[in-house]
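Here's the structure, in structure tokens; my notes come after.
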Amino acid sequence: VHLIPVNPIREDGLNPKSRKRIMPDLLTEPPAIDPVYEAHVYCNIPTIAERSMEGHAPHYFKLVAVQVLIRHGDRYPLYAIPKTKRPDIDCMLLPGRKPSHPQLEAFIKHMGRGSAAQLDGSLSSLPRYPSHSVCEMGELTQTGVVQHLRNGQLLRDIYINKHKLLLSDWTAKQLYLETTGKSRTLQSALALLYTFLPDFDWKKINMRHQWSTIFCSGSCDCPMRNHYLEEEQRRQYSLRVKNGDLEKIYVDMARIVGIPTRQLRASNPIDSLLCYFCHNVSFPCTKMGCIGMEHFKVIKRHQLEDERERQEKKLYFLYALLATHPLLNQTVNRLQRIAEGKKEEVFVLYSAHDVTLSPVLSALGITEARFPRFAARLVFELWQDGKRPKEHFIRILYNGADVTFQTSFCKDYYQRSSKPMCPLEKFISFVKRDMFLIFNSTNYYDACHRRSL
């Protein structure tokens, strides 16, 4: 909210200091982008207790299943800015260092006893928590662990303590756990699980390995998905080339570090700069000068403008529909089974990346959502109507905010109904049929293999 001071009007109706004020046209102009504020949101530094809307429903509704899709927590950069000193961040877990968590010490001890867990394939060779005094590229940081310890605690308070989704004698069959093969996603999942089910029995943990970042499992062959992704990448490139301010900043940064501009661009400097920013570490300097906040703001602002344009152009949306169908289809099938009375896989955790969550949000039609921050969570809740036990409803929440009625398949229902949730059938028909209408198809295979637009 921007409060604009207005000078008092004199009794004769004239303004004593007539200042020209330009008011934004709320119908046409998007709100001004504040890159520093947006970067703080993205960092998601664990400071204040988070308020969330998870688990809210009329008293006669019963919670019967929860599926959680998370992005890993804060990590060390995946890219380095050439010829600069890498950010000085320690990836050892030290309970006395901020940010911390009351259960951090117990978590470290419990992870040390994890040899009994069933970890699929290559997952068993990954460390269960970060432990390098100098972070490795892409490694989860202490901040990242704490973010998910907090997520797990929050979900426990709601789903276990309040709604009794899992009782103390829960079994391995009631959980479904899946992660990509990166240490940061495995460790994020384990941190969340630890506070969700404190001191869990390792023998009950069966973590599946997903090789694809879009969790397409056995349905990954989709030529049209790749086509739309390539078109989307062309759009990104075109927007970057048109941005004169961005080009000047890249030229200046390349001069400071002493490399060609093209090489600097390829090193994806925003990924590295965000790490400096999130950890409050000074940006790098050389003999030629320092990379500063102005460089950061311009690059971050362009990133935010790119996200906004991506929502307006439909290329990413078409990619997202095809990229996420296998995961959403798996979700729908599971929720249907539970609605029919099955008691297995009532709590599901997928530990993933920004490139997993972002297309899911887009495919669901949640266009107002911010790009997934560190430790973002997208939650699907399945509820049974106590007055009509055969009727089931879903709620969808993103970082604790209820976004159910932002979805394309439930917007209209919201305007006509007094129910605070979306009928499960609406979600089923969207995933099984409506997702393909834009491709003039009736199923995933045809949409993937037939050029329609």
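By convention in this document, the chains of the structure tokens carry letters A, B, ... by their order, each chain's residues are numbered from 1, and ligands are numbered from 1 in the order they are shown.
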
Which residues are close to Ser212 (chain A), i.e. within 9 Å by only C-alpha atoms, leaving aside same-chain residues fewer than 6 positions away? Reply as a PyMOL selection string.
chain A and resi 180-181+220

Long-range neighbours of region 147-149 of chain A as a ChimeraX atom specification, 10 Å cut-off, only C-alpha atoms, 6 positions minimum in chain
/A:44-47,70-74,99-104,107,141,187-196,374-377

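Residue nearest Tyr250 (chain A), chosen from A:Tyr444, A:Phe371, A:Phe296, A:Phe427 and counting only C-alpha atoms: A:Phe296.
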
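Distances here use only C-alpha atoms; by that measure, the residue among A:Glu381, A:Glu340, A:Asp245, A:Asp354 closest to Arg301 (chain A) is A:Asp245.
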
Region 95-235 of chain A: which residues are alpha helix (DSSP H) by DSSP, as number ranges by chain?
A: 104-111, 142-155, 183-196, 223-235

Under the rule that only C-alpha atoms are counted, which of A:Phe200, A:Leu424, A:Leu175, A:Gln406 is the nearest residue to Gly114 (chain A)?
A:Phe200

In region 111-309 of chain A, DSSP strand (DSSP E or B) residues written as a ChimeraX atom specification
/A:118-119,140,175-180,206-210,285-286,289-290

Can you list, as a list of chain:residue names, every protein, DNA or RNA residue that comes within 12 Å of Arg262 (chain A) when you count only C-alpha atoms, leaving out same-chain residues fewer than 2 positions away?
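The residues that qualify are A:Pro82, A:Val241, A:Glu247, A:Tyr250, A:Val251, A:Met253, A:Ala254, A:Arg255, A:Gly258, A:Ile259, A:Pro260, A:Leu264, A:Arg265, A:Ala266, A:Ser267, A:Asn268, A:Pro269.
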
Resulting file, chosen residues, N, CA and C atoms, as a short mmCIF file (atom, residue, chain, number, x, y, z; two decimals), in the first residue's frame:
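Output file part28.cif follows:
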data_model
loop_
_atom_site.label_atom_id
_atom_site.label_comp_id
_atom_site.auth_asym_id
_atom_site.auth_seq_id
_atom_site.Cartn_x
_atom_site.Cartn_y
_atom_site.Cartn_z
N PRO A 82 32.79 -15.27 -12.78
CA PRO A 82 34.22 -15.51 -13.02
C PRO A 82 35.09 -14.42 -12.42
N VAL A 241 17.46 -8.92 -24.89
CA VAL A 241 18.19 -8.14 -25.91
C VAL A 241 17.63 -6.72 -26.02
N GLU A 247 21.72 -4.27 -20.56
CA GLU A 247 22.95 -4.42 -21.34
C GLU A 247 24.06 -3.54 -20.78
N TYR A 250 25.42 -5.14 -17.63
CA TYR A 250 26.28 -6.29 -17.95
C TYR A 250 27.66 -5.83 -18.44
N VAL A 251 27.66 -4.80 -19.28
CA VAL A 251 28.93 -4.28 -19.82
C VAL A 251 29.79 -3.76 -18.66
N MET A 253 29.59 -4.55 -15.39
CA MET A 253 30.03 -5.64 -14.52
C MET A 253 31.16 -6.44 -15.17
N ALA A 254 31.05 -6.66 -16.49
CA ALA A 254 32.09 -7.40 -17.21
C ALA A 254 33.41 -6.63 -17.15
N ARG A 255 33.33 -5.29 -17.23
CA ARG A 255 34.53 -4.46 -17.13
C ARG A 255 35.16 -4.60 -15.75
N GLY A 258 36.66 -8.04 -15.55
CA GLY A 258 37.69 -8.26 -16.57
C GLY A 258 37.43 -9.47 -17.46
N ILE A 259 36.18 -9.63 -17.89
CA ILE A 259 35.85 -10.73 -18.81
C ILE A 259 34.92 -10.18 -19.90
N PRO A 260 34.77 -10.89 -21.03
CA PRO A 260 33.82 -10.44 -22.05
C PRO A 260 32.38 -10.44 -21.51
N LEU A 264 30.08 -13.10 -18.96
CA LEU A 264 29.43 -12.73 -17.71
C LEU A 264 27.95 -13.13 -17.75
N ARG A 265 27.29 -12.85 -18.88
CA ARG A 265 25.87 -13.20 -19.02
C ARG A 265 25.67 -14.69 -18.85
N ALA A 266 26.55 -15.47 -19.43
CA ALA A 266 26.44 -16.94 -19.36
C ALA A 266 26.63 -17.46 -17.94
N SER A 267 27.32 -16.69 -17.10
CA SER A 267 27.56 -17.14 -15.72
C SER A 267 26.35 -16.89 -14.82
N ASN A 268 25.25 -16.41 -15.42
CA ASN A 268 23.99 -16.18 -14.69
C ASN A 268 24.24 -15.43 -13.38
N PRO A 269 24.68 -14.16 -13.47
CA PRO A 269 25.11 -13.47 -12.24
C PRO A 269 24.02 -13.30 -11.20
#

So that I can see what lies close to Asn329 (chain A), please list as a PyMOL selection string the residues with an atom at most 12 Å from it, counting only C-alpha atoms and leaving out residues fewer than 4 positions away in the same chain.
chain A and resi 215-217+219+321-325+333-336+360+427-433+435+443-444

Please provide the set of residues having any atom within 9 Å of Thr331 (chain A), restricted to only C-alpha atoms, with same-chain residues fewer than 5 positions apart removed, written as number ranges by chain.
A: 67, 326, 336, 380

I'd like the contact shell of Gly55 (chain A) - 9 Å cut-off, only C-alpha atoms, skipping same-chain residues fewer than 6 positions apart - returned as a VMD selection string.
chain A and resid 63 155 158 to 159 162 to 163 381

Near Pro87 (chain A), counting only C-alpha atoms, which residues have an atom at most 12 Å away, once you skip same-chain residues fewer than 2 positions from it, shown as number ranges by chain?
A: 75-81, 84-85, 89-91, 134-137, 271-285

In Å to one decimal, how far is CA of Met111 (chain A) from CA of Val145 (chain A)?
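If I compute the distance from CA of Val145 (chain A) to CA of Met111 (chain A), I get 12.2 Å.
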
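In this comparison, which uses only C-alpha atoms, the residue of A:Gly289, A:Phe393, A:Lys203, A:Leu197 approaching Gly152 (chain A) most closely is A:Leu197.
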
I'd like the interatomic distance between CA of Gly112 (chain A) and CA of Arg128 (chain A), to a tenth of an Å.
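CA of Gly112 (chain A) sits 7.9 Å away from CA of Arg128 (chain A).
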